[in-house]
>>> print(open('work-v6.pdb').read())   # PDB, C-alpha atoms
MODEL        1
ATOM      1  CA  MET A 887      82.272 114.716  59.805
ATOM      2  CA  PRO A 888      85.663 116.563  59.694
ATOM      3  CA  THR A 889      86.472 118.949  62.544
ATOM      4  CA  TYR A 890      85.945 122.171  60.595
ATOM      5  CA  LEU A 891      82.530 121.271  59.171
ATOM      6  CA  LYS A 892      79.900 122.389  61.690
ATOM      7  CA  PRO A 893      76.303 121.280  60.973
ATOM      8  CA  ASP A 894      74.696 124.514  62.238
ATOM      9  CA  VAL A 895      76.928 126.677  60.034
ATOM     10  CA  LEU A 896      76.611 124.445  56.978
ATOM     11  CA  ALA A 897      72.826 124.136  57.173
ATOM     12  CA  ARG A 898      72.287 127.902  57.055
ATOM     13  CA  ALA A 899      75.012 128.576  54.502
ATOM     14  CA  GLU A 900      73.926 125.818  52.114
ATOM     15  CA  ALA A 901      70.327 127.025  52.213
ATOM     16  CA  LEU A 902      71.408 130.503  51.081
ATOM     17  CA  GLY A 903      74.174 129.527  48.646
ATOM     18  CA  LEU A 904      76.984 131.594  47.128
ATOM     19  CA  LYS A 905      76.012 132.901  43.699
ATOM     20  CA  ALA A 906      78.340 134.822  41.421
ATOM     21  CA  ARG A 907      77.223 138.451  41.068
ATOM     22  CA  GLN A 908      79.149 139.122  37.873
ATOM     23  CA  LEU A 909      80.064 137.207  34.731
ATOM     24  CA  VAL A 910      82.198 134.118  35.322
ATOM     25  CA  GLU A 911      83.889 131.656  32.988
ATOM     26  CA  GLY A 912      83.189 127.994  33.620
ATOM     27  CA  LEU A 913      83.796 124.643  32.018
ATOM     28  CA  ARG A 914      80.281 123.246  32.176
ATOM     29  CA  VAL A 915      76.662 124.269  32.480
ATOM     30  CA  GLY A 916      75.806 125.630  35.906
ATOM     31  CA  ASP A 917      73.951 128.408  37.709
ATOM     32  CA  HIS A 918      75.973 131.563  37.044
ATOM     33  CA  LYS A 919      76.132 134.006  34.149
ATOM     34  CA  SER A 920      78.802 133.378  31.544
ATOM     35  CA  PRO A 921      80.318 135.944  29.143
ATOM     36  CA  TYR A 922      79.815 133.481  26.295
ATOM     37  CA  LYS A 923      76.729 133.376  24.109
ATOM     38  CA  GLY A 924      75.060 130.067  23.321
ATOM     39  CA  PHE A 925      71.656 128.553  22.614
ATOM     40  CA  SER A 926      70.196 127.994  26.056
ATOM     41  CA  VAL A 927      68.639 129.657  29.065
ATOM     42  CA  GLU A 928      68.027 133.431  28.638
ATOM     43  CA  PHE A 929      67.500 135.326  25.364
ATOM     44  CA  VAL A 930      70.043 138.119  24.769
ATOM     45  CA  GLN A 931      70.043 139.251  21.123
ATOM     46  CA  HIS A 932      69.698 138.384  17.430
ATOM     47  CA  ARG A 933      72.531 138.052  14.943
ATOM     48  CA  GLU A 934      72.621 137.492  11.189
ATOM     49  CA  TYR A 935      72.396 133.901   9.962
ATOM     50  CA  VAL A 936      75.590 132.621   8.315
ATOM     51  CA  PRO A 937      76.010 129.361   6.367
ATOM     52  CA  GLY A 938      76.735 126.539   8.776
ATOM     53  CA  ASP A 939      74.449 127.767  11.563
ATOM     54  CA  ASP A 940      71.877 125.264  12.824
ATOM     55  CA  ILE A 941      68.581 126.192  11.150
ATOM     56  CA  ARG A 942      66.723 125.132  14.312
ATOM     57  CA  HIS A 943      67.834 128.419  15.881
ATOM     58  CA  ILE A 944      66.479 130.681  13.118
ATOM     59  CA  ASP A 945      63.865 133.122  14.409
ATOM     60  CA  TRP A 946      61.060 132.544  11.904
ATOM     61  CA  LYS A 947      58.839 135.238  13.390
ATOM     62  CA  SER A 948      61.590 137.784  12.804
ATOM     63  CA  TYR A 949      61.995 136.450   9.250
ATOM     64  CA  GLY A 950      58.260 136.976   8.637
ATOM     65  CA  ARG A 951      58.615 140.639   9.580
ATOM     66  CA  SER A 952      61.929 141.472   7.913
ATOM     67  CA  GLU A 953      62.504 138.658   5.385
ATOM     68  CA  ARG A 954      66.015 138.345   6.830
ATOM     69  CA  TYR A 955      67.379 135.218   8.446
ATOM     70  CA  THR A 956      68.481 135.846  12.034
ATOM     71  CA  ILE A 957      69.659 133.570  14.825
ATOM     72  CA  LYS A 958      68.502 133.873  18.424
ATOM     73  CA  GLN A 959      71.391 134.085  20.882
ATOM     74  CA  TYR A 960      71.043 133.204  24.543
ATOM     75  CA  GLU A 961      73.258 133.776  27.547
ATOM     76  CA  GLN A 962      74.737 130.569  28.834
ATOM     77  CA  GLU A 963      74.947 129.766  32.482
ATOM     78  CA  THR A 964      78.062 128.177  33.911
ATOM     79  CA  ASN A 965      79.851 127.054  37.039
ATOM     80  CA  PHE A 966      82.404 129.217  38.844
ATOM     81  CA  ALA A 967      85.760 128.592  40.461
ATOM     82  CA  CYS A 968      86.184 129.910  44.014
ATOM     83  CA  HIS A 969      89.777 130.569  45.104
ATOM     84  CA  LEU A 970      90.020 130.556  48.913
ATOM     85  CA  LEU A 971      93.085 132.320  50.368
ATOM     86  CA  LEU A 972      93.686 131.682  54.077
ATOM     87  CA  ASP A 973      96.136 133.779  56.083
ATOM     88  CA  ALA A 974      98.137 131.517  58.424
ATOM     89  CA  SER A 975     100.648 134.092  59.647
ATOM     90  CA  ASN A 976     101.670 134.474  63.290
ATOM     91  CA  SER A 977      99.259 137.336  63.971
ATOM     92  CA  MET A 978      96.398 134.886  63.388
ATOM     93  CA  ARG A 979      97.426 133.071  66.613
ATOM     94  CA  TYR A 980      95.703 135.666  68.779
ATOM     95  CA  GLY A 981      92.745 134.551  70.898
ATOM     96  CA  SER A 982      91.845 131.370  72.683
ATOM     97  CA  GLY A 983      89.293 128.644  72.082
ATOM     98  CA  ALA A 984      86.496 129.661  69.733
ATOM     99  CA  THR A 985      87.807 133.243  69.480
ATOM    100  CA  ASN A 986      91.235 132.238  68.131
ATOM    101  CA  LYS A 987      91.518 134.035  64.808
ATOM    102  CA  LEU A 988      93.079 131.193  62.843
ATOM    103  CA  GLU A 989      90.603 128.603  64.108
ATOM    104  CA  TYR A 990      87.701 130.927  63.295
ATOM    105  CA  ALA A 991      89.172 131.538  59.826
ATOM    106  CA  LYS A 992      89.577 127.791  59.257
ATOM    107  CA  LEU A 993      85.911 127.208  60.119
ATOM    108  CA  LEU A 994      84.909 129.942  57.679
ATOM    109  CA  THR A 995      87.169 128.546  54.939
ATOM    110  CA  ALA A 996      85.843 124.999  55.341
ATOM    111  CA  SER A 997      82.235 126.212  55.388
ATOM    112  CA  LEU A 998      82.674 128.213  52.178
ATOM    113  CA  ALA A 999      84.433 125.298  50.447
ATOM    114  CA  TYR A1000      81.660 122.899  51.456
ATOM    115  CA  MET A1001      78.923 125.268  50.304
ATOM    116  CA  VAL A1002      80.574 125.963  46.940
ATOM    117  CA  ILE A1003      81.279 122.310  46.134
ATOM    118  CA  ARG A1004      77.849 121.131  47.288
ATOM    119  CA  GLN A1005      76.243 123.540  44.815
ATOM    120  CA  ARG A1006      78.320 121.918  42.035
ATOM    121  CA  ASP A1007      80.868 124.714  41.680
ATOM    122  CA  SER A1008      84.634 124.409  42.163
ATOM    123  CA  ALA A1009      86.730 125.428  45.158
ATOM    124  CA  GLY A1010      90.494 125.627  45.613
ATOM    125  CA  LEU A1011      92.623 126.596  48.603
ATOM    126  CA  ARG A1012      95.870 128.455  49.211
ATOM    127  CA  VAL A1013      97.248 128.768  52.747
ATOM    128  CA  PHE A1014      99.835 131.543  53.017
ATOM    129  CA  ASN A1015     101.978 133.707  55.279
ATOM    130  CA  THR A1016     104.926 135.410  53.549
ATOM    131  CA  GLU A1017     104.310 132.960  50.681
ATOM    132  CA  VAL A1018     101.939 130.165  49.749
ATOM    133  CA  VAL A1019     102.733 127.213  52.052
ATOM    134  CA  ALA A1020      99.959 124.801  50.994
ATOM    135  CA  GLU A1021      97.856 124.690  47.854
ATOM    136  CA  LEU A1022      94.996 122.664  46.402
ATOM    137  CA  PRO A1023      93.713 123.307  42.865
ATOM    138  CA  THR A1024      90.040 123.972  42.239
ATOM    139  CA  SER A1025      87.747 120.970  41.999
ATOM    140  CA  SER A1026      84.022 120.266  42.222
ATOM    141  CA  ASN A1027      84.503 116.668  43.386
ATOM    142  CA  LEU A1028      82.848 116.004  46.747
ATOM    143  CA  GLY A1029      86.000 114.262  47.938
ATOM    144  CA  HIS A1030      87.797 117.590  47.559
ATOM    145  CA  ILE A1031      86.017 118.815  50.702
ATOM    146  CA  HIS A1032      87.949 116.267  52.777
ATOM    147  CA  ALA A1033      91.235 117.217  51.093
ATOM    148  CA  ILE A1034      90.617 120.862  51.999
ATOM    149  CA  THR A1035      89.764 120.087  55.630
ATOM    150  CA  HIS A1036      92.934 117.980  55.960
ATOM    151  CA  ILE A1037      95.030 120.931  54.722
ATOM    152  CA  LEU A1038      93.250 123.172  57.233
ATOM    153  CA  GLU A1039      93.891 120.775  60.102
ATOM    154  CA  ASP A1040      97.624 120.807  59.321
ATOM    155  CA  ALA A1041      97.906 124.594  58.893
ATOM    156  CA  GLN A1042      99.884 126.260  61.692
ATOM    157  CA  PRO A1043     100.581 130.001  62.151
ATOM    158  CA  ARG A1044     104.096 130.975  61.081
ATOM    159  CA  GLU A1045     106.026 133.976  59.755
ATOM    160  CA  LYS A1046     104.522 137.358  58.859
ATOM    161  CA  THR A1047     101.606 138.373  56.655
ATOM    162  CA  SER A1048     102.302 139.237  53.012
ATOM    163  CA  ILE A1049      98.973 139.535  51.229
ATOM    164  CA  GLY A1050      99.770 141.598  48.133
ATOM    165  CA  PRO A1051     102.225 139.162  46.460
ATOM    166  CA  VAL A1052      99.874 136.217  47.087
ATOM    167  CA  LEU A1053      96.977 138.064  45.434
ATOM    168  CA  ASP A1054      99.259 138.995  42.535
ATOM    169  CA  GLN A1055     100.198 135.338  42.118
ATOM    170  CA  VAL A1056      96.554 134.244  42.083
ATOM    171  CA  ALA A1057      95.614 136.973  39.619
ATOM    172  CA  ASP A1058      98.481 136.086  37.256
ATOM    173  CA  ARG A1059      98.078 132.300  37.452
ATOM    174  CA  THR A1060      94.289 132.065  37.270
ATOM    175  CA  GLY A1061      93.102 131.990  33.697
ATOM    176  CA  ARG A1062      89.322 132.153  33.902
ATOM    177  CA  ARG A1063      87.261 134.603  35.874
ATOM    178  CA  GLY A1064      85.779 133.440  39.167
ATOM    179  CA  ILE A1065      85.582 134.468  42.810
ATOM    180  CA  VAL A1066      88.654 135.210  44.939
ATOM    181  CA  VAL A1067      88.004 135.045  48.695
ATOM    182  CA  LEU A1068      90.658 136.440  51.046
ATOM    183  CA  ILE A1069      90.347 135.419  54.728
ATOM    184  CA  SER A1070      92.816 137.366  56.856
ATOM    185  CA  ASP A1071      93.309 139.786  59.742
ATOM    186  CA  CYS A1072      95.095 142.095  57.258
ATOM    187  CA  LEU A1073      97.609 143.219  59.880
ATOM    188  CA  GLU A1074     100.099 144.773  57.495
ATOM    189  CA  ASP A1075     100.338 148.006  55.525
ATOM    190  CA  ILE A1076      97.037 148.660  53.781
ATOM    191  CA  GLU A1077      98.331 149.783  50.389
ATOM    192  CA  PRO A1078     100.003 146.468  49.309
ATOM    193  CA  THR A1079      96.821 144.628  50.307
ATOM    194  CA  LEU A1080      94.603 147.021  48.345
ATOM    195  CA  ALA A1081      96.961 146.826  45.359
ATOM    196  CA  GLY A1082      96.661 143.027  45.352
ATOM    197  CA  LEU A1083      92.869 143.220  45.629
ATOM    198  CA  ARG A1084      92.745 145.695  42.724
ATOM    199  CA  HIS A1085      94.947 143.377  40.644
ATOM    200  CA  ALA A1086      92.500 140.495  41.139
ATOM    201  CA  ARG A1087      89.591 142.778  40.212
ATOM    202  CA  PHE A1088      91.479 143.987  37.123
ATOM    203  CA  ARG A1089      91.751 140.354  36.004
ATOM    204  CA  GLY A1090      87.961 140.121  36.083
ATOM    205  CA  HIS A1091      87.494 138.233  39.361
ATOM    206  CA  GLU A1092      84.822 138.989  41.898
ATOM    207  CA  VAL A1093      86.708 139.578  45.162
ATOM    208  CA  VAL A1094      85.553 139.172  48.764
ATOM    209  CA  LEU A1095      87.602 140.089  51.851
ATOM    210  CA  PHE A1096      86.561 138.439  55.113
ATOM    211  CA  HIS A1097      88.398 140.543  57.695
ATOM    212  CA  VAL A1098      88.854 138.327  60.767
ATOM    213  CA  LEU A1099      89.456 140.324  63.960
ATOM    214  CA  HIS A1100      89.501 139.502  67.652
ATOM    215  CA  PRO A1101      87.342 141.910  69.710
ATOM    216  CA  ASP A1102      90.394 142.883  71.791
ATOM    217  CA  GLU A1103      91.995 144.292  68.646
ATOM    218  CA  VAL A1104      89.040 146.574  67.998
ATOM    219  CA  ARG A1105      87.966 147.548  71.533
ATOM    220  CA  PHE A1106      91.302 147.375  73.435
ATOM    221  CA  PRO A1107      89.597 146.472  76.757
ATOM    222  CA  LEU A1108      92.861 145.708  78.616
ATOM    223  CA  ASP A1109      93.742 147.304  81.962
ATOM    224  CA  GLY A1110      96.435 147.239  84.629
ATOM    225  CA  ASN A1111     100.088 146.618  83.778
ATOM    226  CA  VAL A1112     100.322 144.509  80.630
ATOM    227  CA  ARG A1113     103.267 143.040  78.745
ATOM    228  CA  PHE A1114     102.640 143.147  74.987
ATOM    229  CA  ILE A1115     104.466 140.503  72.963
ATOM    230  CA  GLY A1116     104.682 141.071  69.209
ATOM    231  CA  LEU A1117     103.564 137.998  67.265
ATOM    232  CA  GLU A1118     105.367 139.017  64.080
ATOM    233  CA  GLY A1119     108.759 140.190  65.283
ATOM    234  CA  PHE A1120     108.033 143.351  67.279
ATOM    235  CA  GLU A1121     109.781 143.968  70.584
ATOM    236  CA  GLU A1122     108.072 143.310  73.897
ATOM    237  CA  LEU A1123     106.529 146.305  75.624
ATOM    238  CA  MET A1124     105.435 146.689  79.237
ATOM    239  CA  THR A1125     102.861 149.442  79.623
ATOM    240  CA  ARG A1126      99.529 150.534  81.087
ATOM    241  CA  PRO A1127      96.857 150.103  78.374
ATOM    242  CA  HIS A1128      94.531 152.850  79.630
ATOM    243  CA  LEU A1129      97.213 155.416  78.753
ATOM    244  CA  LEU A1130      97.402 154.097  75.172
ATOM    245  CA  ARG A1131      93.687 153.439  74.610
ATOM    246  CA  PRO A1132      92.604 156.811  73.103
ATOM    247  CA  ALA A1133      95.449 156.880  70.573
ATOM    248  CA  TYR A1134      95.106 153.156  69.835
ATOM    249  CA  LEU A1135      91.356 153.382  69.163
ATOM    250  CA  ARG A1136      91.873 156.415  66.920
ATOM    251  CA  ILE A1137      94.562 154.648  64.849
ATOM    252  CA  VAL A1138      92.623 151.372  64.567
ATOM    253  CA  GLY A1139      89.432 153.232  63.651
ATOM    254  CA  LYS A1140      91.238 155.037  60.826
ATOM    255  CA  TYR A1141      92.848 151.799  59.651
ATOM    256  CA  LEU A1142      89.475 150.018  59.466
ATOM    257  CA  GLU A1143      87.834 152.938  57.692
ATOM    258  CA  ASP A1144      90.688 153.235  55.162
ATOM    259  CA  LEU A1145      90.545 149.511  54.435
ATOM    260  CA  ARG A1146      86.772 149.558  54.008
ATOM    261  CA  ARG A1147      86.877 152.600  51.740
ATOM    262  CA  GLY A1148      89.696 151.114  49.698
ATOM    263  CA  CYS A1149      87.685 147.935  49.166
ATOM    264  CA  ASP A1150      84.531 149.858  48.287
ATOM    265  CA  GLY A1151      86.456 151.973  45.797
ATOM    266  CA  SER A1152      87.853 148.849  44.102
ATOM    267  CA  GLY A1153      84.565 146.943  43.949
ATOM    268  CA  VAL A1154      85.668 144.473  46.629
ATOM    269  CA  ASP A1155      83.173 143.072  49.149
ATOM    270  CA  TYR A1156      84.474 143.970  52.616
ATOM    271  CA  VAL A1157      83.064 141.777  55.409
ATOM    272  CA  GLN A1158      84.246 142.255  58.980
ATOM    273  CA  MET A1159      84.174 138.982  60.937
ATOM    274  CA  PRO A1160      84.643 139.479  64.711
ATOM    275  CA  THR A1161      85.597 136.181  66.312
ATOM    276  CA  ASP A1162      83.198 136.645  69.225
ATOM    277  CA  ARG A1163      80.241 136.471  66.853
ATOM    278  CA  PRO A1164      78.843 133.009  66.008
ATOM    279  CA  LEU A1165      80.048 132.076  62.538
ATOM    280  CA  ALA A1166      76.639 130.741  61.494
ATOM    281  CA  ASN A1167      75.085 134.169  62.093
ATOM    282  CA  ALA A1168      77.883 136.230  60.562
ATOM    283  CA  LEU A1169      78.126 134.123  57.392
ATOM    284  CA  ALA A1170      74.340 133.906  56.937
ATOM    285  CA  GLU A1171      74.035 137.683  57.247
ATOM    286  CA  TYR A1172      76.579 138.198  54.484
ATOM    287  CA  LEU A1173      74.953 135.629  52.178
ATOM    288  CA  VAL A1174      71.544 137.238  52.677
ATOM    289  CA  ARG A1175      73.053 140.614  51.796
ATOM    290  CA  ARG A1176      74.501 139.128  48.593
ATOM    291  CA  LEU A1177      71.096 137.794  47.619
ATOM    292  CA  GLN A1178      69.496 141.178  48.265
ATOM    293  CA  THR A1179      72.042 143.167  46.279
ATOM    294  CA  GLY A1180      72.039 140.692  43.383
ATOM    295  CA  ARG A1181      74.405 140.545  40.432
ATOM    296  CA  ARG A1182      76.428 143.664  39.733
TER     297      ARG A1182
ENDMDL
END
>>> encode(input="work-v6.pdb", output="structure tokens")
Amino acid sequence: MPTYLKPDVLARAEALGLKARQLVEGLRVGDHKSPYKGFSVEFVQHREYVPGDDIRHIDWKSYGRSERYTIKQYEQETNFACHLLLDASNSMRYGSGATNKLEYAKLLTASLAYMVIRQRDSAGLRVFNTEVVAELPTSSNLGHIHAITHILEDAQPREKTSIGPVLDQVADRTGRRGIVVLISDCLEDIEPTLAGLRHARFRGHEVVLFHVLHPDEVRFPLDGNVRFIGLEGFEELMTRPHLLRPAYLRIVGKYLEDLRRGCDGSGVDYVQMPTDRPLANALAEYLVRRLQTGRR
């Protein structure tokens, strides 16, 4: 089994599944609501019979009441395409071992890809920093899981984060509606990120942001004399963290609240993923919440 596919995570995630909560456009029959009307699954409405319609779909009971020929229309169910966007910028280097942000994000990405493909939907991957550096188109083939994990194994943190243009590219290049999943620490100005998320929503996609953060970034537990080294081009700074802690916590708290509110206001699922929390638990909790809230 590839490195980024963990049995404990996959078992819980696969049992819960990832269902689309809004209309999606697919290429075959599947498990999610489609905007197109057909002749299968769930009754939606009647329409007038026109020459050329299959007479098997005439509602004869309705004809007996109104003496008008009508056709029963049903809502088709379809598959969805899941577009996974993984941030591989330098800020994702922070942490060590299991709490390294990029490694945690890779595990999450691989787990989501596996779950989506195993339920017969399609998953694609874009790895990005200032631009897209690796890309795989969407596919529902089981072999695609291995292609995705190989891309993840090769992904190394480089450059800065530039989320907005990547989301714009996905929104402009993706024809049919699906699910866009952004996995990032979002350590850049909030407004370009929110603008990109809104663009994807405007195009009809369901959008999920998994915000990957190391606990140090949220709690700032450092003490003593510490040298801070900027991972994305900032100058080094020697200081005493306890003097900065009150201001730091206030700024980070506002940043997190603004990002959450911006996502909520745009209809984007915001999911904070601290790297010190077991991925199996964090992902299962989110999937359970999706099942409880249901389709929008």
>>> resolve_selection(input="work-v6.pdb", expression="the PyMOL selection byres ((chain A and resi 1046-1058) around 8)", output="CSV table (one decimal) with C-alpha atoms, in the frame of the given file")
chain,number,residue,atom,x,y,z
A,973,ASP,CA,96.1,133.8,56.1
A,974,ALA,CA,98.1,131.5,58.4
A,975,SER,CA,100.6,134.1,59.6
A,976,ASN,CA,101.7,134.5,63.3
A,977,SER,CA,99.3,137.3,64.0
A,1014,PHE,CA,99.8,131.5,53.0
A,1015,ASN,CA,102.0,133.7,55.3
A,1016,THR,CA,104.9,135.4,53.5
A,1017,GLU,CA,104.3,133.0,50.7
A,1018,VAL,CA,101.9,130.2,49.7
A,1044,ARG,CA,104.1,131.0,61.1
A,1045,GLU,CA,106.0,134.0,59.8
A,1059,ARG,CA,98.1,132.3,37.5
A,1060,THR,CA,94.3,132.1,37.3
A,1061,GLY,CA,93.1,132.0,33.7
A,1072,CYS,CA,95.1,142.1,57.3
A,1073,LEU,CA,97.6,143.2,59.9
A,1074,GLU,CA,100.1,144.8,57.5
A,1078,PRO,CA,100.0,146.5,49.3
A,1079,THR,CA,96.8,144.6,50.3
A,1080,LEU,CA,94.6,147.0,48.3
A,1081,ALA,CA,97.0,146.8,45.4
A,1082,GLY,CA,96.7,143.0,45.4
A,1083,LEU,CA,92.9,143.2,45.6
A,1085,HIS,CA,94.9,143.4,40.6
A,1086,ALA,CA,92.5,140.5,41.1
A,1089,ARG,CA,91.8,140.4,36.0
A,1118,GLU,CA,105.4,139.0,64.1
>>> atom_distance(input="work-v6.pdb", atom1="atom CA of Leu1117 of chain A", atom2="atom CA of Leu891 of chain A")
28.1 Å
>>> residues_near_point(input="work-v6.pdb", point="(87.3, 133.2, 66.0)", cutoff="9 Å", atoms="all atoms listed in the file", output="mmCIF file with C-alpha atoms, keeping the file's coordinate frame")
data_model
loop_
_atom_site.group_PDB
_atom_site.id
_atom_site.type_symbol
_atom_site.label_atom_id
_atom_site.label_comp_id
_atom_site.auth_asym_id
_atom_site.auth_seq_id
_atom_site.Cartn_x
_atom_site.Cartn_y
_atom_site.Cartn_z
ATOM 1 C CA GLY A 981 92.745 134.551 70.898
ATOM 2 C CA SER A 982 91.845 131.370 72.683
ATOM 3 C CA GLY A 983 89.293 128.644 72.082
ATOM 4 C CA ALA A 984 86.496 129.661 69.733
ATOM 5 C CA THR A 985 87.807 133.243 69.480
ATOM 6 C CA ASN A 986 91.235 132.238 68.131
ATOM 7 C CA LYS A 987 91.518 134.035 64.808
ATOM 8 C CA LEU A 988 93.079 131.193 62.843
ATOM 9 C CA GLU A 989 90.603 128.603 64.108
ATOM 10 C CA TYR A 990 87.701 130.927 63.295
ATOM 11 C CA ALA A 991 89.172 131.538 59.826
ATOM 12 C CA LYS A 992 89.577 127.791 59.257
ATOM 13 C CA LEU A 993 85.911 127.208 60.119
ATOM 14 C CA VAL A 1098 88.854 138.327 60.767
ATOM 15 C CA LEU A 1099 89.456 140.324 63.960
ATOM 16 C CA HIS A 1100 89.501 139.502 67.652
ATOM 17 C CA MET A 1159 84.174 138.982 60.937
ATOM 18 C CA PRO A 1160 84.643 139.479 64.711
ATOM 19 C CA THR A 1161 85.597 136.181 66.312
ATOM 20 C CA ASP A 1162 83.198 136.645 69.225
ATOM 21 C CA ARG A 1163 80.241 136.471 66.853
ATOM 22 C CA PRO A 1164 78.843 133.009 66.008
ATOM 23 C CA LEU A 1165 80.048 132.076 62.538
#
>>> closest_residue(input="work-v6.pdb", among="A:Gly903, A:Gly1153, A:Pro1132, A:Gly1029", to="Leu1095 of chain A", atoms="all atoms listed in the file")
A:Gly1153
>>> resolve_selection(input="work-v6.pdb", expression="the PyMOL selection byres ((chain A and resi 1027) around 12)", output="PyMOL selection string")
chain A and resi 999-1000+1002-1010+1023-1026+1028-1034
>>> axis_aligned_box(input="work-v6.pdb", around="segment 1055-1066 of chain A", padding_each_side="4 Å", output="lines of an AutoDock Vina configuration file")
center_x = 92.9
center_y = 134.5
center_z = 39.3
size_x = 22.6
size_y = 13.0
size_z = 19.2
>>> atom_distance(input="work-v6.pdb", atom1="atom CA of Val1154 of chain A", atom2="atom CA of His1097 of chain A")
12.1 Å
>>> residues_around(input="work-v6.pdb", residues="Leu1135 of chain A", least_positions_apart="5", cutoff="8 Å", atoms="only C-alpha atoms", output="ChimeraX atom specification")
/A:1104-1106
>>> atom_distance(input="work-v6.pdb", atom1="atom CA of Val1067 of chain A", atom2="atom CA of Pro893 of chain A")
21.8 Å
>>> resolve_selection(input="work-v6.pdb", expression="the PyMOL selection byres ((chain A and resi 1126) around 9)", output="list in words")
Leu1108, Asp1109, Gly1110, Asn1111, Val1112, Arg1113, Met1124, Thr1125, Pro1127, His1128, Leu1129 and Leu1130 of chain A
>>> write_last_selection(input="work-v6.pdb", atoms="C-alpha atoms", output="PDB file, keeping the file's coordinate frame")
ATOM      1  CA  LEU A1108      92.861 145.708  78.616  1.00  0.00           C
ATOM      2  CA  ASP A1109      93.742 147.304  81.962  1.00  0.00           C
ATOM      3  CA  GLY A1110      96.435 147.239  84.629  1.00  0.00           C
ATOM      4  CA  ASN A1111     100.088 146.618  83.778  1.00  0.00           C
ATOM      5  CA  VAL A1112     100.322 144.509  80.630  1.00  0.00           C
ATOM      6  CA  ARG A1113     103.267 143.040  78.745  1.00  0.00           C
ATOM      7  CA  MET A1124     105.435 146.689  79.237  1.00  0.00           C
ATOM      8  CA  THR A1125     102.861 149.442  79.623  1.00  0.00           C
ATOM      9  CA  PRO A1127      96.857 150.103  78.374  1.00  0.00           C
ATOM     10  CA  HIS A1128      94.531 152.850  79.630  1.00  0.00           C
ATOM     11  CA  LEU A1129      97.213 155.416  78.753  1.00  0.00           C
ATOM     12  CA  LEU A1130      97.402 154.097  75.172  1.00  0.00           C
TER      13      LEU A1130
END
>>> residues_around(input="work-v6.pdb", residues="Asp1150 of chain A", least_positions_apart="5", cutoff="12 Å", atoms="only C-alpha atoms", output="NGL selection string")
:A and (1080 or 1083-1084 or 1087 or 1093-1095 or 1143-1145 or 1155-1157)
>>> closest_residue(input="work-v6.pdb", among="A:Ser997, A:Thr956, A:Glu934, A:Glu1092", to="Cys1149 of chain A", atoms="all atoms listed in the file")
A:Glu1092
>>> residues_around(input="work-v6.pdb", residues="Ala897 of chain A", least_positions_apart="2", cutoff="10 Å", atoms="all atoms listed in the file", output="PDB file with C-alpha atoms, in the coordinates of the input")
ATOM      1  CA  LYS A 892      79.900 122.389  61.690  1.00  0.00           C
ATOM      2  CA  PRO A 893      76.303 121.280  60.973  1.00  0.00           C
ATOM      3  CA  ASP A 894      74.696 124.514  62.238  1.00  0.00           C
ATOM      4  CA  VAL A 895      76.928 126.677  60.034  1.00  0.00           C
ATOM      5  CA  ALA A 899      75.012 128.576  54.502  1.00  0.00           C
ATOM      6  CA  GLU A 900      73.926 125.818  52.114  1.00  0.00           C
ATOM      7  CA  ALA A 901      70.327 127.025  52.213  1.00  0.00           C
ATOM      8  CA  LEU A 902      71.408 130.503  51.081  1.00  0.00           C
ATOM      9  CA  SER A 997      82.235 126.212  55.388  1.00  0.00           C
ATOM     10  CA  MET A1001      78.923 125.268  50.304  1.00  0.00           C
ATOM     11  CA  ALA A1166      76.639 130.741  61.494  1.00  0.00           C
ATOM     12  CA  ALA A1170      74.340 133.906  56.937  1.00  0.00           C
TER      13      ALA A1170
END
>>> closest_residue(input="work-v6.pdb", among="A:Tyr1141, A:His1036, A:Phe1114, A:Ser1152", to="Gly1090 of chain A", atoms="only C-alpha atoms")
A:Ser1152
>>> decode(input="work-v6.pdb", residues="segment 1158-1171 of chain A", atoms="C-alpha atoms", output="mmCIF file, in the first residue's frame")
data_model
loop_
_atom_site.group_PDB
_atom_site.id
_atom_site.type_symbol
_atom_site.label_atom_id
_atom_site.label_comp_id
_atom_site.auth_asym_id
_atom_site.auth_seq_id
_atom_site.Cartn_x
_atom_site.Cartn_y
_atom_site.Cartn_z
ATOM 1 C CA GLN A 1158 -9.678 23.645 10.500
ATOM 2 C CA MET A 1159 -7.205 20.742 10.565
ATOM 3 C CA PRO A 1160 -4.619 21.036 13.382
ATOM 4 C CA THR A 1161 -1.697 18.734 12.662
ATOM 5 C CA ASP A 1162 -1.539 17.450 16.236
ATOM 6 C CA ARG A 1163 -4.961 15.856 15.845
ATOM 7 C CA PRO A 1164 -5.118 12.322 14.382
ATOM 8 C CA LEU A 1165 -6.245 12.598 10.774
ATOM 9 C CA ALA A 1166 -8.654 9.668 11.093
ATOM 10 C CA ASN A 1167 -10.579 11.513 13.816
ATOM 11 C CA ALA A 1168 -10.528 14.943 12.188
ATOM 12 C CA LEU A 1169 -11.644 13.684 8.766
ATOM 13 C CA ALA A 1170 -14.339 11.389 10.202
ATOM 14 C CA GLU A 1171 -15.766 14.261 12.245
#
